[in-house]
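File shown here: final22.cif, holding mmCIF, C-alpha atoms.
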data_start
loop_
_atom_site.label_atom_id
_atom_site.label_comp_id
_atom_site.auth_asym_id
_atom_site.auth_seq_id
_atom_site.Cartn_x
_atom_site.Cartn_y
_atom_site.Cartn_z
CA MET C 9 86.00 105.40 100.71
CA ILE C 10 85.07 104.29 97.21
CA THR C 11 82.42 101.59 97.44
CA SER C 12 80.94 101.32 93.95
CA THR C 13 82.17 100.24 90.51
CA ALA C 14 80.03 103.08 89.17
CA ASN C 15 82.49 105.56 90.65
CA GLN C 16 84.09 107.63 87.88
CA GLN C 17 87.63 107.01 89.13
CA VAL C 18 87.06 103.26 89.07
CA LYS C 19 85.73 103.41 85.53
CA GLN C 20 88.70 105.49 84.45
CA LEU C 21 91.24 103.07 85.94
CA ILE C 22 89.61 100.11 84.22
CA GLN C 23 89.88 101.91 80.90
CA LEU C 24 93.46 103.02 81.56
CA ASN C 25 94.46 99.39 82.02
CA LYS C 26 92.89 98.48 78.69
CA LYS C 27 93.54 101.41 76.37
CA GLY C 28 96.94 102.71 75.38
CA LYS C 29 95.45 105.75 73.64
CA LEU C 30 93.80 106.85 76.88
CA ARG C 31 97.03 106.35 78.83
CA ASN C 32 98.85 108.50 76.31
CA ALA C 33 96.14 111.16 76.29
CA GLN C 34 96.34 111.46 80.08
CA ASP C 35 100.13 110.95 80.09
CA VAL C 36 100.00 108.34 82.86
CA PHE C 37 100.38 104.60 83.39
CA VAL C 38 99.07 102.23 86.05
CA VAL C 39 101.36 100.52 88.56
CA GLU C 40 100.27 97.70 90.87
CA GLY C 41 101.80 96.25 94.02
CA PRO C 42 103.85 97.49 97.00
CA ARG C 43 107.24 96.94 95.39
CA MET C 44 106.44 98.85 92.22
CA PHE C 45 104.90 101.62 94.31
CA ARG C 46 107.92 101.96 96.61
CA GLU C 47 110.34 102.10 93.67
CA ALA C 48 108.34 104.76 91.83
CA PRO C 49 109.91 108.25 92.06
CA GLY C 50 107.72 110.24 94.43
CA ASP C 51 107.51 113.25 92.15
CA ARG C 52 105.98 111.11 89.37
CA ILE C 53 103.17 109.55 91.41
CA GLU C 54 99.89 111.31 90.65
CA ARG C 55 97.36 109.27 92.60
CA ILE C 56 97.32 106.29 94.98
CA TYR C 57 94.55 103.76 95.59
CA LEU C 58 94.50 101.32 98.52
CA SER C 59 92.23 98.39 99.11
CA GLU C 60 90.44 98.61 102.45
CA SER C 61 92.16 95.50 103.79
CA TYR C 62 95.64 96.70 102.72
CA TYR C 63 95.03 100.06 104.36
CA LYS C 64 94.02 98.45 107.65
CA SER C 65 96.76 95.83 107.76
CA GLN C 66 99.81 97.51 106.21
CA TRP C 67 99.54 101.13 105.14
CA LYS C 68 99.41 102.99 108.46
CA ALA C 69 102.40 101.20 109.93
CA LYS C 70 104.73 101.26 106.95
CA GLU C 71 103.94 104.09 104.54
CA PRO C 72 104.54 107.86 104.74
CA ALA C 73 101.67 110.31 104.77
CA ILE C 74 100.73 110.58 101.09
CA SER C 75 97.37 111.54 99.65
CA TYR C 76 95.41 108.41 98.76
CA GLU C 77 91.97 106.90 98.15
CA ILE C 78 90.67 103.88 100.05
CA VAL C 79 88.65 101.42 97.98
CA GLN C 80 86.38 98.58 99.10
CA ASP C 81 88.15 95.27 98.40
CA SER C 82 85.64 93.94 95.88
CA VAL C 83 85.70 97.23 93.96
CA PHE C 84 89.48 97.44 94.13
CA LYS C 85 89.76 94.05 92.43
CA THR C 86 87.81 95.33 89.41
CA MET C 87 90.31 98.18 89.06
CA CYS C 88 93.30 95.86 88.78
CA ASP C 89 94.79 94.05 85.81
CA THR C 90 96.06 91.18 87.98
CA GLN C 91 94.00 88.20 89.14
CA THR C 92 95.29 88.50 92.72
CA PRO C 93 95.66 92.23 93.55
CA GLN C 94 98.24 93.18 96.18
CA GLY C 95 96.20 95.98 97.68
CA ILE C 96 97.82 99.08 96.21
CA LEU C 97 97.98 100.72 92.79
CA CYS C 98 98.94 104.16 91.62
CA LEU C 99 98.99 106.38 88.58
CA VAL C 100 102.47 107.44 87.48
CA LYS C 101 103.48 110.11 84.96
CA GLN C 102 104.78 108.73 81.69
CA TYR C 103 108.41 109.15 80.66
CA HIS C 104 109.43 110.91 77.45
CA TYR C 105 112.95 110.40 76.11
CA SER C 106 114.70 111.55 72.95
CA LEU C 107 117.36 109.56 71.14
CA LYS C 108 119.93 112.00 72.51
CA ASP C 109 118.97 110.98 76.04
CA LEU C 110 120.20 107.45 75.22
CA LEU C 111 123.47 108.77 73.81
CA HIS C 112 124.45 110.86 76.82
CA ARG C 113 127.75 109.09 77.39
CA GLY C 114 130.53 107.86 75.14
CA ASN C 115 130.39 104.31 73.73
CA PRO C 116 126.75 103.67 74.63
CA LEU C 117 125.27 100.17 74.81
CA LEU C 118 121.75 100.00 73.36
CA LEU C 119 119.04 97.45 72.59
CA ILE C 120 116.87 98.00 69.49
CA LEU C 121 113.61 96.06 69.24
CA ASP C 122 111.48 95.61 66.14
CA ASN C 123 107.86 94.46 66.23
CA ILE C 124 108.03 92.80 69.67
CA GLN C 125 104.49 91.65 70.44
CA ASP C 126 104.64 90.00 73.85
CA PRO C 127 104.49 92.51 76.73
CA GLY C 128 106.25 90.05 79.02
CA ASN C 129 109.17 89.82 76.62
CA LEU C 130 109.45 93.59 76.35
CA GLY C 131 109.36 94.06 80.12
CA THR C 132 111.93 91.31 80.65
CA MET C 133 114.28 92.89 78.11
CA MET C 134 113.98 96.25 79.87
CA ARG C 135 114.97 94.53 83.09
CA THR C 136 117.87 92.70 81.41
CA ALA C 137 119.08 95.92 79.81
CA GLU C 138 119.30 97.57 83.22
CA GLY C 139 121.11 94.58 84.69
CA ALA C 140 123.69 94.55 81.89
CA GLY C 141 124.38 98.27 82.23
CA ALA C 142 122.78 99.32 78.94
CA ASP C 143 122.13 102.98 78.25
CA GLY C 144 118.70 102.57 76.72
CA VAL C 145 116.18 100.63 74.66
CA ILE C 146 114.87 101.74 71.25
CA LEU C 147 111.41 100.55 70.19
CA GLY C 148 110.28 100.21 66.60
CA PRO C 149 106.81 101.43 65.60
CA GLY C 150 105.37 97.89 65.68
CA CYS C 151 106.31 97.08 69.28
CA VAL C 152 103.80 96.46 72.03
CA ASP C 153 103.05 99.47 74.27
CA MET C 154 105.68 100.04 76.92
CA TYR C 155 102.92 101.10 79.32
CA ASN C 156 100.83 97.96 78.85
CA PRO C 157 100.20 96.75 82.44
CA LYS C 158 101.83 93.36 81.68
CA THR C 159 104.93 95.10 80.34
CA ILE C 160 105.13 97.28 83.43
CA ARG C 161 104.95 94.27 85.76
CA ALA C 162 107.62 92.40 83.81
CA THR C 163 110.06 95.32 84.09
CA MET C 164 110.11 94.84 87.88
CA GLY C 165 110.80 98.55 88.29
CA SER C 166 113.25 99.01 85.40
CA VAL C 167 110.69 101.17 83.61
CA TYR C 168 111.55 103.88 86.15
CA ARG C 169 115.28 103.75 85.41
CA MET C 170 115.95 102.46 81.89
CA PRO C 171 115.54 105.17 79.22
CA PHE C 172 113.60 104.13 76.12
CA PHE C 173 112.97 105.88 72.83
CA GLN C 174 110.03 105.26 70.50
CA SER C 175 111.34 105.35 66.93
CA GLN C 176 108.97 106.06 64.08
CA ASP C 177 111.41 104.68 61.48
CA LEU C 178 114.07 102.21 62.58
CA LYS C 179 116.09 102.52 59.38
CA GLU C 180 116.41 106.25 59.95
CA THR C 181 117.29 105.64 63.59
CA LEU C 182 120.04 103.22 62.54
CA LYS C 183 121.49 105.96 60.34
CA GLU C 184 121.41 108.42 63.24
CA LEU C 185 123.18 105.94 65.47
CA ARG C 186 125.84 105.41 62.82
CA ASP C 187 126.37 109.17 62.68
CA HIS C 188 127.01 109.09 66.44
CA GLY C 189 129.61 106.34 66.11
CA VAL C 190 127.34 103.51 67.29
CA HIS C 191 127.87 100.19 65.47
CA THR C 192 124.66 98.20 65.00
CA PHE C 193 124.59 94.41 65.22
CA ALA C 194 121.53 92.55 63.94
CA ALA C 195 120.75 89.19 65.57
CA TYR C 196 119.96 87.15 62.46
CA LEU C 197 119.80 83.44 61.68
CA ASP C 198 122.03 83.93 58.64
CA GLY C 199 124.47 86.17 60.47
CA ALA C 200 128.02 86.16 59.15
CA GLU C 201 129.69 86.05 62.60
CA ASP C 202 129.09 84.30 65.89
CA TYR C 203 127.86 86.73 68.54
CA ASP C 204 131.02 86.48 70.65
CA ASP C 205 133.43 87.37 67.82
CA PRO C 206 132.92 91.17 67.46
CA ASP C 207 134.32 93.84 69.79
CA TYR C 208 131.50 95.53 71.71
CA ARG C 209 133.61 97.93 73.76
CA GLU C 210 132.84 100.88 71.47
CA GLY C 211 129.36 102.26 70.82
CA THR C 212 127.13 99.20 70.31
CA ALA C 213 123.47 98.56 69.54
CA PHE C 214 121.90 95.11 69.27
CA LEU C 215 118.93 94.81 66.90
CA LEU C 216 116.39 92.03 67.56
CA GLY C 217 113.13 91.22 65.83
CA ASN C 218 109.68 89.73 66.23
CA GLU C 219 109.17 86.60 68.35
CA GLY C 220 107.82 84.50 65.49
CA ASN C 221 109.50 85.89 62.38
CA GLY C 222 112.68 87.50 63.63
CA LEU C 223 114.07 90.50 61.79
CA ALA C 224 112.82 91.44 58.34
CA PRO C 225 115.66 90.88 55.83
CA ASP C 226 115.70 94.53 54.71
CA LEU C 227 116.00 95.77 58.30
CA ALA C 228 118.76 93.27 59.09
CA ALA C 229 120.58 94.48 55.97
CA SER C 230 120.41 98.04 57.32
CA ALA C 231 122.55 97.07 60.32
CA ASP C 232 126.34 97.28 60.15
CA THR C 233 126.90 93.61 61.01
CA CYS C 234 124.70 90.53 61.21
CA ILE C 235 125.56 88.13 64.03
CA ARG C 236 124.17 84.76 65.04
CA ILE C 237 123.82 82.77 68.24
CA PRO C 238 124.91 79.18 67.51
CA MET C 239 122.21 76.54 67.96
CA GLU C 240 122.55 72.86 68.81
CA GLY C 241 119.85 70.22 68.50
CA ARG C 242 116.84 71.00 66.36
CA LEU C 243 116.21 74.55 67.58
CA GLU C 244 115.93 77.34 65.06
CA SER C 245 116.13 80.20 67.54
CA LEU C 246 115.90 81.25 71.17
CA ASN C 247 113.20 83.30 72.83
CA VAL C 248 113.94 86.92 71.98
CA SER C 249 114.37 87.91 75.63
CA ALA C 250 116.88 85.07 76.13
CA ALA C 251 118.76 86.16 73.01
CA SER C 252 118.90 89.75 74.25
CA ALA C 253 120.36 88.59 77.56
CA ILE C 254 123.13 86.64 75.82
CA LEU C 255 124.10 89.60 73.65
CA LEU C 256 123.90 92.28 76.34
CA TYR C 257 125.90 90.28 78.84
CA GLU C 258 128.58 89.49 76.27
CA ALA C 259 128.96 93.24 75.82
CA TYR C 260 128.96 93.64 79.61
CA ARG C 261 131.70 91.00 79.93
CA GLN C 262 133.88 92.73 77.35
CA ARG C 263 133.44 96.15 78.95
CA ARG C 264 134.31 95.14 82.50
#
The structure given in the file should be rewritten as structure tokens.
Amino acid sequence: MITSTANQQVKQLIQLNKKGKLRNAQDVFVVEGPRMFREAPGDRIERIYLSESYYKSQWKAKEPAISYEIVQDSVFKTMCDTQTPQGILCLVKQYHYSLKDLLHRGNPLLLILDNIQDPGNLGTMMRTAEGAGADGVILGPGCVDMYNPKTIRATMGSVYRMPFFQSQDLKETLKELRDHGVHTFAAYLDGAEDYDDPDYREGTAFLLGNEGNGLAPDLAASADTCIRIPMEGRLESLNVSAASAILLYEAYRQRR
């Protein structure tokens, strides 16, 4: 049993929670909680850590025989990113997708995100994309790390199932999508059409921008069509994750 915060594994986990470069170097990410553990594909789990109390009260009765480390409760808490740890965390192998992986079927439905800064928003949009039957999410170079612990929690397991591609140049990616017959729609305050006017039954990608500033004008101009979500009252815009849900589920409605 691990009983000291000076243990090398404990130190490593603390750093993995904090540093994206280290996560990428080791090609892993940290997952907390029983639900996220149970949904993780078994062949991607590299290491499991259990708090002493979780091991005594829940593990033996409910979990299969998997290699694991038991950690003293007070030490386990220091390893976790959450304020109230649920007693189990594990290291999971990172996913690596190409743009082609997101275009594996005809008429794909995609979400393209530029400069999203809030990990909770990114995780929520991953979850929404799965719920609406999207084929993948494309991240611009300025987006928050997909493997940020807060992003992982907000996905509620969708990180295991929703393909995502890290673009180094969104304008170039938009061109590639166009070459594959995917029409891109930029959610933009000055959009020419209401969001529910276009036909989304063919290849479709929705482009959304930063929480505070929205899409840069030059990036919006690179899309095929600019659309808007009508606003009443004195609002200028919706939360980006709410906007993504409206757009994705309109496409879902049309495709049913």
Review point. Between atom CA of C:Thr212 and atom CA of C:Val190, what is the spacing in Å?
Key: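 These two atoms are separated by 5.3 Å.
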Check your understanding: Interatomic distance between atom CA of C:Ile96 and atom CA of C:Pro157?
Key ->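 So the two atoms, atom CA of C:Ile96 and atom CA of C:Pro157, lie 14.2 Å apart.
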Point to revise | Of the listed residues C:Pro127, C:Gly150, C:Gly41, C:Gly241, that which approaches C:Gly95 most closely, counting only C-alpha atoms | key: C:Gly41
Exercise for review: Take atom CA of C:Ala251 and atom CA of C:Val38 and report the distance between them in Å, one decimal.
Suggested key: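 Atom-to-atom, atom CA of C:Ala251 to atom CA of C:Val38, that is 28.6 Å.
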Could you work out an axis-aligned box for stretch 137-151 of chain C, taking every atom the file lists and adding 8 Å on each side, and report centre and edge lengths in Å to one decimal, as JSON?
{"center_x": 114.9, "center_y": 98.8, "center_z": 75.1, "size_x": 35.0, "size_y": 24.4, "size_z": 35.1}
Given the file shown, enumerate the residues that the PyMOL selection byres ((chain C and resi 205) around 12) captures and present them as an mmCIF file with C-alpha atoms, keeping the file's coordinate frame.
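Ended up saving to selection.cif:
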data_model
loop_
_atom_site.group_PDB
_atom_site.id
_atom_site.type_symbol
_atom_site.label_atom_id
_atom_site.label_comp_id
_atom_site.auth_asym_id
_atom_site.auth_seq_id
_atom_site.Cartn_x
_atom_site.Cartn_y
_atom_site.Cartn_z
ATOM 1 C CA PHE C 193 124.590 94.410 65.220
ATOM 2 C CA GLY C 199 124.470 86.170 60.470
ATOM 3 C CA ALA C 200 128.020 86.160 59.150
ATOM 4 C CA GLU C 201 129.690 86.050 62.600
ATOM 5 C CA ASP C 202 129.090 84.300 65.890
ATOM 6 C CA TYR C 203 127.860 86.730 68.540
ATOM 7 C CA ASP C 204 131.020 86.480 70.650
ATOM 8 C CA PRO C 206 132.920 91.170 67.460
ATOM 9 C CA ASP C 207 134.320 93.840 69.790
ATOM 10 C CA TYR C 208 131.500 95.530 71.710
ATOM 11 C CA THR C 233 126.900 93.610 61.010
ATOM 12 C CA CYS C 234 124.700 90.530 61.210
ATOM 13 C CA ILE C 235 125.560 88.130 64.030
ATOM 14 C CA ARG C 236 124.170 84.760 65.040
ATOM 15 C CA ILE C 237 123.820 82.770 68.240
ATOM 16 C CA PRO C 238 124.910 79.180 67.510
ATOM 17 C CA LEU C 255 124.100 89.600 73.650
ATOM 18 C CA GLU C 258 128.580 89.490 76.270
ATOM 19 C CA ALA C 259 128.960 93.240 75.820
ATOM 20 C CA GLN C 262 133.880 92.730 77.350
#
